[in-house]
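K.L.:
Here you go, run.cif (mmCIF, C-alpha atoms):
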```
data_model
loop_
_atom_site.label_atom_id
_atom_site.label_comp_id
_atom_site.auth_asym_id
_atom_site.auth_seq_id
_atom_site.Cartn_x
_atom_site.Cartn_y
_atom_site.Cartn_z
CA VAL A 2 7.88 -31.55 48.10
CA PRO A 3 5.36 -30.81 50.90
CA PRO A 4 3.79 -27.35 50.83
CA LYS A 5 5.36 -24.76 53.07
CA ILE A 6 3.35 -23.50 56.03
CA ILE A 7 3.26 -19.69 56.15
CA PRO A 8 1.98 -17.75 59.19
CA PRO A 9 -1.37 -15.95 58.71
CA HIS A 10 0.11 -12.43 59.01
CA PHE A 11 2.44 -13.14 56.05
CA THR A 12 0.04 -15.02 53.79
CA LYS A 13 -1.77 -12.20 51.94
CA ARG A 14 1.33 -10.18 51.07
CA SER A 15 3.37 -13.19 49.93
CA HIS A 16 0.46 -14.54 47.91
CA LYS A 17 0.02 -11.18 46.11
CA ILE A 18 3.74 -10.84 45.30
CA ILE A 19 3.98 -14.35 43.87
CA ILE A 20 0.81 -13.99 41.77
CA LEU A 21 1.92 -10.63 40.26
CA SER A 22 5.37 -12.02 39.47
CA GLN A 23 3.97 -15.10 37.78
CA LYS A 24 1.34 -13.04 35.88
CA LYS A 25 3.91 -10.61 34.47
CA THR A 26 6.21 -13.41 33.34
CA SER A 27 3.32 -15.30 31.79
CA GLN A 28 2.09 -12.26 29.81
CA GLU A 29 5.54 -11.53 28.39
CA THR A 30 6.02 -15.17 27.40
CA ILE A 31 2.63 -15.38 25.68
CA LYS A 32 3.17 -12.10 23.79
CA THR A 33 6.59 -13.20 22.57
CA SER A 34 5.27 -16.61 21.51
CA ILE A 35 2.36 -15.08 19.57
CA MET A 36 4.66 -12.66 17.71
CA MET A 37 7.07 -15.47 16.82
CA CYS A 38 4.22 -17.62 15.51
CA ALA A 39 2.78 -14.73 13.50
CA CYS A 40 6.15 -13.86 12.00
CA SER A 41 6.78 -17.49 11.12
CA THR A 42 3.37 -17.76 9.41
CA ILE A 43 3.85 -14.52 7.44
CA SER A 44 7.36 -15.38 6.29
CA SER A 45 6.37 -18.87 5.17
CA SER A 46 2.91 -18.38 3.64
CA ALA A 47 2.31 -14.70 2.86
CA ALA A 48 2.91 -13.53 -0.71
CA PRO A 49 5.45 -10.74 -1.20
CA LEU A 50 4.18 -7.20 -1.56
CA THR A 51 3.28 -6.68 -5.23
CA THR A 52 1.89 -3.16 -5.00
CA THR A 53 4.13 -0.75 -6.85
CA LYS A 54 4.30 3.00 -6.40
CA PRO A 55 1.65 4.68 -8.58
CA THR A 56 2.76 6.75 -11.55
CA ARG A 57 1.90 10.45 -11.50
CA PRO A 58 -1.07 11.28 -13.76
CA TYR A 59 -0.94 13.16 -17.02
CA THR A 60 -1.23 16.94 -16.96
CA GLU A 61 -3.63 18.78 -19.27
CA TYR A 62 -0.88 19.23 -21.82
CA ASN A 63 0.20 15.57 -21.61
CA ILE A 64 -3.35 14.50 -22.45
CA PHE A 65 -3.59 17.04 -25.24
CA PHE A 66 -0.24 15.83 -26.61
CA GLN A 67 -1.50 12.24 -26.86
CA LEU A 68 -4.65 13.28 -28.71
CA GLU A 69 -3.13 15.92 -30.98
CA ARG A 70 -0.33 13.56 -31.98
CA GLU A 71 -2.86 11.03 -33.26
CA TYR A 72 -4.87 13.82 -34.91
CA ILE A 73 -1.84 15.04 -36.86
CA LEU A 74 -0.86 11.54 -37.94
CA GLN A 75 -4.31 10.21 -38.82
CA VAL A 76 -6.09 13.34 -40.11
CA LEU A 77 -3.41 15.68 -41.45
CA LEU A 78 -0.85 13.10 -42.63
CA ALA A 79 -3.29 10.24 -43.41
CA VAL A 80 -1.27 7.63 -41.51
CA GLU A 81 -3.33 4.48 -41.02
CA PRO A 82 -3.42 3.22 -37.40
CA THR A 83 -2.23 -0.36 -36.93
CA TYR A 84 -3.90 -1.28 -33.63
CA GLU A 85 -5.52 -4.66 -33.19
CA PRO A 86 -9.31 -4.66 -32.54
CA HIS A 87 -8.84 -5.51 -28.84
CA GLU A 88 -6.34 -2.65 -28.48
CA ILE A 89 -8.70 0.09 -29.69
CA PHE A 90 -10.09 2.59 -27.18
CA HIS A 91 -13.82 2.84 -26.50
CA PRO A 92 -15.23 5.54 -24.17
CA SER A 93 -17.56 2.93 -22.64
CA GLN A 94 -14.77 0.55 -21.58
CA PRO A 95 -14.81 -0.15 -17.79
CA SER A 96 -11.28 1.11 -17.18
CA TYR A 97 -12.08 4.59 -18.54
CA ARG A 98 -13.87 7.01 -16.17
CA GLY A 99 -13.55 10.24 -18.14
CA PRO A 100 -15.99 12.18 -20.34
CA ASN A 101 -16.58 11.54 -24.03
CA LEU A 102 -13.95 12.75 -26.45
CA PRO A 103 -14.42 16.28 -27.82
CA PRO A 104 -15.56 16.62 -31.45
CA ARG A 105 -12.02 17.30 -32.75
CA TYR A 106 -10.84 13.86 -31.60
CA ALA A 107 -14.06 11.85 -31.62
CA GLU A 108 -13.26 9.98 -34.85
CA LEU A 109 -9.68 9.05 -33.99
CA VAL A 110 -8.57 5.44 -33.54
CA LEU A 111 -6.76 5.44 -30.19
CA PRO A 112 -5.08 2.70 -28.15
CA ASN A 113 -7.23 1.60 -25.23
CA ASP A 114 -4.75 2.96 -22.67
CA TRP A 115 -3.81 6.23 -24.35
CA TYR A 116 -4.79 8.22 -21.22
CA VAL A 117 -2.82 6.02 -18.76
CA PRO A 118 0.65 7.30 -17.74
CA GLY A 119 3.53 4.85 -17.62
CA LYS A 120 1.88 2.37 -19.97
CA GLU A 121 5.15 1.76 -21.81
CA LYS A 122 6.72 0.37 -18.62
CA ARG A 123 3.84 -1.95 -17.69
CA ARG A 124 3.32 -3.77 -20.95
CA LYS A 125 5.16 -4.77 -24.04
CA ARG A 126 3.76 -4.02 -27.45
CA ARG A 127 4.83 -5.81 -30.55
CA HIS A 128 7.30 -3.87 -32.63
CA ARG A 129 5.70 -1.47 -35.11
CA LYS A 130 7.41 0.26 -37.96
CA SER A 131 7.78 4.00 -37.56
CA HIS A 132 5.28 6.01 -39.60
CA GLY A 133 8.17 8.03 -41.03
CA ALA A 134 5.84 10.85 -42.03
CA ILE A 135 7.21 13.37 -39.54
CA GLY A 136 10.07 13.66 -37.08
CA PHE A 137 9.49 13.85 -33.35
CA HIS A 138 10.93 17.35 -33.04
CA GLU A 139 8.70 18.73 -35.78
CA LEU A 140 5.73 16.88 -34.38
CA SER A 141 6.35 18.35 -30.91
CA LEU A 142 6.50 21.87 -32.36
CA LYS A 143 3.19 21.39 -34.18
CA ILE A 144 1.53 20.10 -31.00
CA ALA A 145 2.88 23.00 -28.94
CA ASP A 146 1.57 25.46 -31.53
CA ALA A 147 -1.84 23.77 -31.56
CA TRP A 148 -2.02 24.01 -27.74
CA LYS A 149 -1.81 27.80 -27.98
CA LYS A 150 -5.00 27.99 -30.02
CA VAL A 151 -6.89 24.90 -28.83
CA ASP A 152 -10.69 25.19 -28.69
CA ASP A 153 -12.41 25.53 -25.32
CA GLU A 154 -14.15 22.16 -25.50
CA SER A 155 -10.92 20.27 -26.08
CA ARG A 156 -9.12 22.19 -23.33
CA THR A 157 -11.94 21.54 -20.87
CA PHE A 158 -11.86 17.84 -21.72
CA CYS A 159 -8.11 17.68 -21.03
CA ALA A 160 -8.53 19.53 -17.72
CA VAL A 161 -11.36 17.26 -16.51
CA LEU A 162 -9.53 14.06 -17.44
CA SER A 163 -6.37 15.34 -15.74
CA ASP A 164 -8.32 16.06 -12.53
CA ILE A 165 -9.83 12.58 -12.58
CA GLY A 166 -6.37 11.10 -12.98
CA MET A 167 -5.09 13.12 -10.02
CA LEU A 168 -7.92 11.88 -7.78
CA GLU A 169 -7.19 8.27 -8.72
CA TYR A 170 -3.48 8.86 -8.15
CA LYS A 171 -4.03 10.24 -4.64
CA SER A 172 -6.27 7.31 -3.74
CA ALA A 173 -3.70 4.83 -5.05
CA MET A 174 -0.92 6.59 -3.13
CA ARG A 175 -2.86 6.35 0.14
CA LYS A 176 -3.30 2.61 -0.35
CA PHE A 177 0.35 2.23 -1.32
CA LYS A 178 1.56 4.08 1.80
CA MET A 179 -0.76 2.08 4.08
CA SER A 180 0.40 -1.19 2.55
CA THR A 181 4.06 -0.21 2.81
CA ALA A 182 3.67 1.00 6.40
CA GLY A 183 1.90 -2.23 7.36
CA GLN A 184 4.65 -4.40 5.92
CA GLU A 185 7.36 -2.33 7.65
CA GLY A 186 5.52 -2.52 10.97
CA ILE A 187 5.21 -6.31 10.75
CA ALA A 188 8.90 -6.62 9.92
CA ASP A 189 9.88 -4.47 12.92
CA ASP A 190 7.64 -6.46 15.28
CA CYS A 191 9.09 -9.73 13.99
CA GLU A 192 12.64 -8.51 14.49
CA ASN A 193 11.90 -7.32 18.03
CA ALA A 194 10.18 -10.59 18.93
CA ASN A 195 13.04 -12.70 17.60
CA THR A 196 15.61 -10.54 19.39
CA LYS A 197 13.74 -10.79 22.66
CA ALA A 198 13.33 -14.57 22.34
CA ALA A 199 17.01 -15.05 21.56
CA LYS A 200 18.18 -12.87 24.46
CA LYS A 201 19.41 -14.97 27.38
CA PRO A 202 18.04 -14.20 30.85
CA SER A 203 20.46 -12.25 33.03
CA LYS A 204 22.23 -13.71 36.04
CA LYS A 205 20.23 -11.46 38.33
CA THR A 206 16.98 -12.88 36.97
CA ASN A 207 18.17 -16.47 37.38
CA ASP A 208 19.27 -15.83 40.97
CA ALA A 209 15.94 -14.22 41.84
CA ALA A 210 14.09 -17.19 40.34
CA LYS A 211 16.15 -19.65 42.39
CA LYS A 212 15.64 -17.71 45.61
CA SER A 213 11.89 -17.25 45.15
CA PRO A 214 10.44 -20.37 43.52
CA PRO A 215 6.63 -20.61 43.32
CA VAL A 216 5.23 -22.26 46.40
CA GLU A 217 1.86 -23.58 47.37
CA ILE A 218 0.44 -21.46 50.16
CA THR A 219 -1.53 -23.19 52.92
CA PRO A 220 -2.76 -20.77 55.57
CA ILE A 221 -2.86 -22.10 59.14
CA PRO A 222 -6.48 -22.58 60.20
CA PHE A 223 -7.45 -21.10 63.53
CA GLU A 224 -10.63 -20.56 65.45
CA ILE A 225 -11.90 -17.25 66.79
CA PRO A 226 -12.30 -17.57 70.57
CA SER A 227 -15.80 -17.05 71.88
CA LEU A 228 -16.39 -13.85 73.86
CA HIS A 229 -18.47 -15.80 76.43
CA ASP A 230 -15.62 -18.14 77.44
#
```
Please, can you express the file's structure as structure tokens?
P.N.:
Amino acid sequence: VPPKIIPPHFTKRSHKIIILSQKKTSQETIKTSIMMCACSTISSSAAPLTTTKPTRPYTEYNIFFQLEREYILQVLLAVEPTYEPHEIFHPSQPSYRGPNLPPRYAELVLPNDWYVPGKEKRRKRRHRKSHGAIGFHELSLKIADAWKKVDDESRTFCAVLSDIGMLEYKSAMRKFKMSTAGQEGIADDCENANTKAAKKPSKKTNDAAKKSPPVEITPIPFEIPSLHD
């Protein structure tokens, strides 16, 4: 189809309108295509979100309960611990960031995750026979009574370790919320992109496209008359 000849007084305006129309359509098409490609890549290759919501840390009393329970069993009732060597707690282990145990509990044999909340849900221990030396209700009463007259060093240790656990919990919660928000944002963008791509163009848009197809603009050359003629 030969290019249409447009008079000089109409060339600039028509050229600007056509360029802006084509630019807007091109940008929307590219944006939609990129989102569809990104969503396709994420859905096919990205691993599912494995981050779980962090468990709230132990309070001072929760920490004291764990230690005093083992103290009553091992020291007062002479119950032998049955932990495997790799299960035994060491203050120098990389996963532990708290202070050294206070003198009252320094000689206890503790599991390596005794200070970690929710440990029962994350791992499975082999079945152990109950010590049978004391009931849980009686044990709880003894621990509660010991908490009323705990020494300052042990109480300070429990408070410091509880504060450390709270700091780690807040940091983990920030990462969890950011990760969750990022996944939700990607899902929303993917849904919007797919909806937009699947939406059929309206009749008004089709009619406008038929009436104003892109054309090649060839201005009519003309010479400026000399003033001396």
K.L.:
Kindly give the distance, in Å, that separates atom CA of A:Glu169 and atom CA of A:Leu68, rounded to a single decimal.
P.N.:
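These atoms are spaced 20.8 Å apart.
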K.L.:
Might you spell out which residues the PyMOL selection byres ((chain A and resi 101-108) around 12) would select in the displayed file, as a PyMOL selection string?
P.N.:
chain A and resi 64-73+75-76+90-94+97-100+109-111+116+151-159+161-162
K.L.:
Rounded to one decimal in Å, what is the spacing between atom CA of A:Leu168 and atom CA of A:Pro118?
P.N.:
13.9 Å
K.L.:
Please indicate the distance in Å from atom CA of A:Glu61 to atom CA of A:Ser163, rounded to one decimal place.
P.N.:
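These two atoms are separated by 5.6 Å.
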K.L.:
Rank A:Ala147, A:Ile89, A:Ala79, A:Val117 by their smallest atom-to-atom distance to A:Tyr170, using all atoms listed in the file, and report the top residue only.
P.N.:
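Ranking A:Ala147, A:Ile89, A:Ala79, A:Val117 by distance to A:Tyr170, first place goes to A:Val117.
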K.L.:
Please reconstruct the missing atoms of stretch 58-77 of chain A (target: N, CA, C and O atoms) and return them as a JSON list (two decimals), keeping the file's coordinate frame.
P.N.:
```
[["chain", "number", "residue", "atom", "x", "y", "z"],
["A", 58, "PRO", "N", -0.15, 11.19, -12.63],
["A", 58, "PRO", "CA", -1.07, 11.28, -13.76],
["A", 58, "PRO", "C", -0.60, 12.29, -14.80],
["A", 58, "PRO", "O", 0.27, 13.11, -14.55],
["A", 59, "TYR", "N", -1.22, 12.20, -15.96],
["A", 59, "TYR", "CA", -0.94, 13.16, -17.02],
["A", 59, "TYR", "C", -1.46, 14.55, -16.64],
["A", 59, "TYR", "O", -2.50, 14.69, -16.01],
["A", 60, "THR", "N", -0.73, 15.56, -17.06],
["A", 60, "THR", "CA", -1.23, 16.94, -16.96],
["A", 60, "THR", "C", -2.16, 17.22, -18.14],
["A", 60, "THR", "O", -2.33, 16.37, -19.04],
["A", 61, "GLU", "N", -2.76, 18.40, -18.15],
["A", 61, "GLU", "CA", -3.63, 18.78, -19.27],
["A", 61, "GLU", "C", -2.86, 18.68, -20.58],
["A", 61, "GLU", "O", -3.37, 18.16, -21.58],
["A", 62, "TYR", "N", -1.65, 19.21, -20.57],
["A", 62, "TYR", "CA", -0.88, 19.23, -21.82],
["A", 62, "TYR", "C", -0.47, 17.82, -22.24],
["A", 62, "TYR", "O", -0.42, 17.50, -23.43],
["A", 63, "ASN", "N", -0.14, 16.95, -21.27],
["A", 63, "ASN", "CA", 0.20, 15.57, -21.61],
["A", 63, "ASN", "C", -0.96, 14.89, -22.33],
["A", 63, "ASN", "O", -0.75, 14.16, -23.31],
["A", 64, "ILE", "N", -2.16, 15.10, -21.83],
["A", 64, "ILE", "CA", -3.35, 14.50, -22.45],
["A", 64, "ILE", "C", -3.56, 15.07, -23.84],
["A", 64, "ILE", "O", -3.84, 14.35, -24.82],
["A", 65, "PHE", "N", -3.44, 16.39, -23.94],
["A", 65, "PHE", "CA", -3.59, 17.04, -25.24],
["A", 65, "PHE", "C", -2.53, 16.52, -26.22],
["A", 65, "PHE", "O", -2.83, 16.30, -27.41],
["A", 66, "PHE", "N", -1.32, 16.32, -25.76],
["A", 66, "PHE", "CA", -0.24, 15.83, -26.61],
["A", 66, "PHE", "C", -0.60, 14.47, -27.20],
["A", 66, "PHE", "O", -0.38, 14.22, -28.40],
["A", 67, "GLN", "N", -1.13, 13.56, -26.37],
["A", 67, "GLN", "CA", -1.50, 12.24, -26.86],
["A", 67, "GLN", "C", -2.56, 12.32, -27.96],
["A", 67, "GLN", "O", -2.47, 11.63, -28.98],
["A", 68, "LEU", "N", -3.56, 13.17, -27.75],
["A", 68, "LEU", "CA", -4.65, 13.28, -28.71],
["A", 68, "LEU", "C", -4.21, 14.01, -29.99],
["A", 68, "LEU", "O", -4.52, 13.57, -31.10],
["A", 69, "GLU", "N", -3.52, 15.13, -29.82],
["A", 69, "GLU", "CA", -3.13, 15.92, -30.98],
["A", 69, "GLU", "C", -2.11, 15.16, -31.85],
["A", 69, "GLU", "O", -2.10, 15.31, -33.08],
["A", 70, "ARG", "N", -1.28, 14.37, -31.21],
["A", 70, "ARG", "CA", -0.33, 13.56, -31.98],
["A", 70, "ARG", "C", -1.07, 12.64, -32.94],
["A", 70, "ARG", "O", -0.73, 12.55, -34.14],
["A", 71, "GLU", "N", -2.08, 11.93, -32.42],
["A", 71, "GLU", "CA", -2.86, 11.03, -33.26],
["A", 71, "GLU", "C", -3.66, 11.80, -34.31],
["A", 71, "GLU", "O", -3.85, 11.32, -35.44],
["A", 72, "TYR", "N", -4.12, 12.99, -33.96],
["A", 72, "TYR", "CA", -4.87, 13.82, -34.91],
["A", 72, "TYR", "C", -3.98, 14.22, -36.09],
["A", 72, "TYR", "O", -4.40, 14.14, -37.25],
["A", 73, "ILE", "N", -2.76, 14.64, -35.79],
["A", 73, "ILE", "CA", -1.84, 15.04, -36.86],
["A", 73, "ILE", "C", -1.50, 13.86, -37.75],
["A", 73, "ILE", "O", -1.50, 13.97, -39.00],
["A", 74, "LEU", "N", -1.23, 12.71, -37.16],
["A", 74, "LEU", "CA", -0.86, 11.54, -37.94],
["A", 74, "LEU", "C", -2.02, 11.01, -38.76],
["A", 74, "LEU", "O", -1.88, 10.75, -39.97],
["A", 75, "GLN", "N", -3.19, 10.86, -38.14],
["A", 75, "GLN", "CA", -4.31, 10.21, -38.82],
["A", 75, "GLN", "C", -5.08, 11.16, -39.74],
["A", 75, "GLN", "O", -5.51, 10.75, -40.84],
["A", 76, "VAL", "N", -5.27, 12.42, -39.33],
["A", 76, "VAL", "CA", -6.09, 13.34, -40.11],
["A", 76, "VAL", "C", -5.26, 14.17, -41.09],
["A", 76, "VAL", "O", -5.58, 14.24, -42.29],
["A", 77, "LEU", "N", -4.19, 14.79, -40.59],
["A", 77, "LEU", "CA", -3.41, 15.68, -41.45],
["A", 77, "LEU", "C", -2.43, 14.92, -42.34],
["A", 77, "LEU", "O", -2.19, 15.33, -43.49]]
```
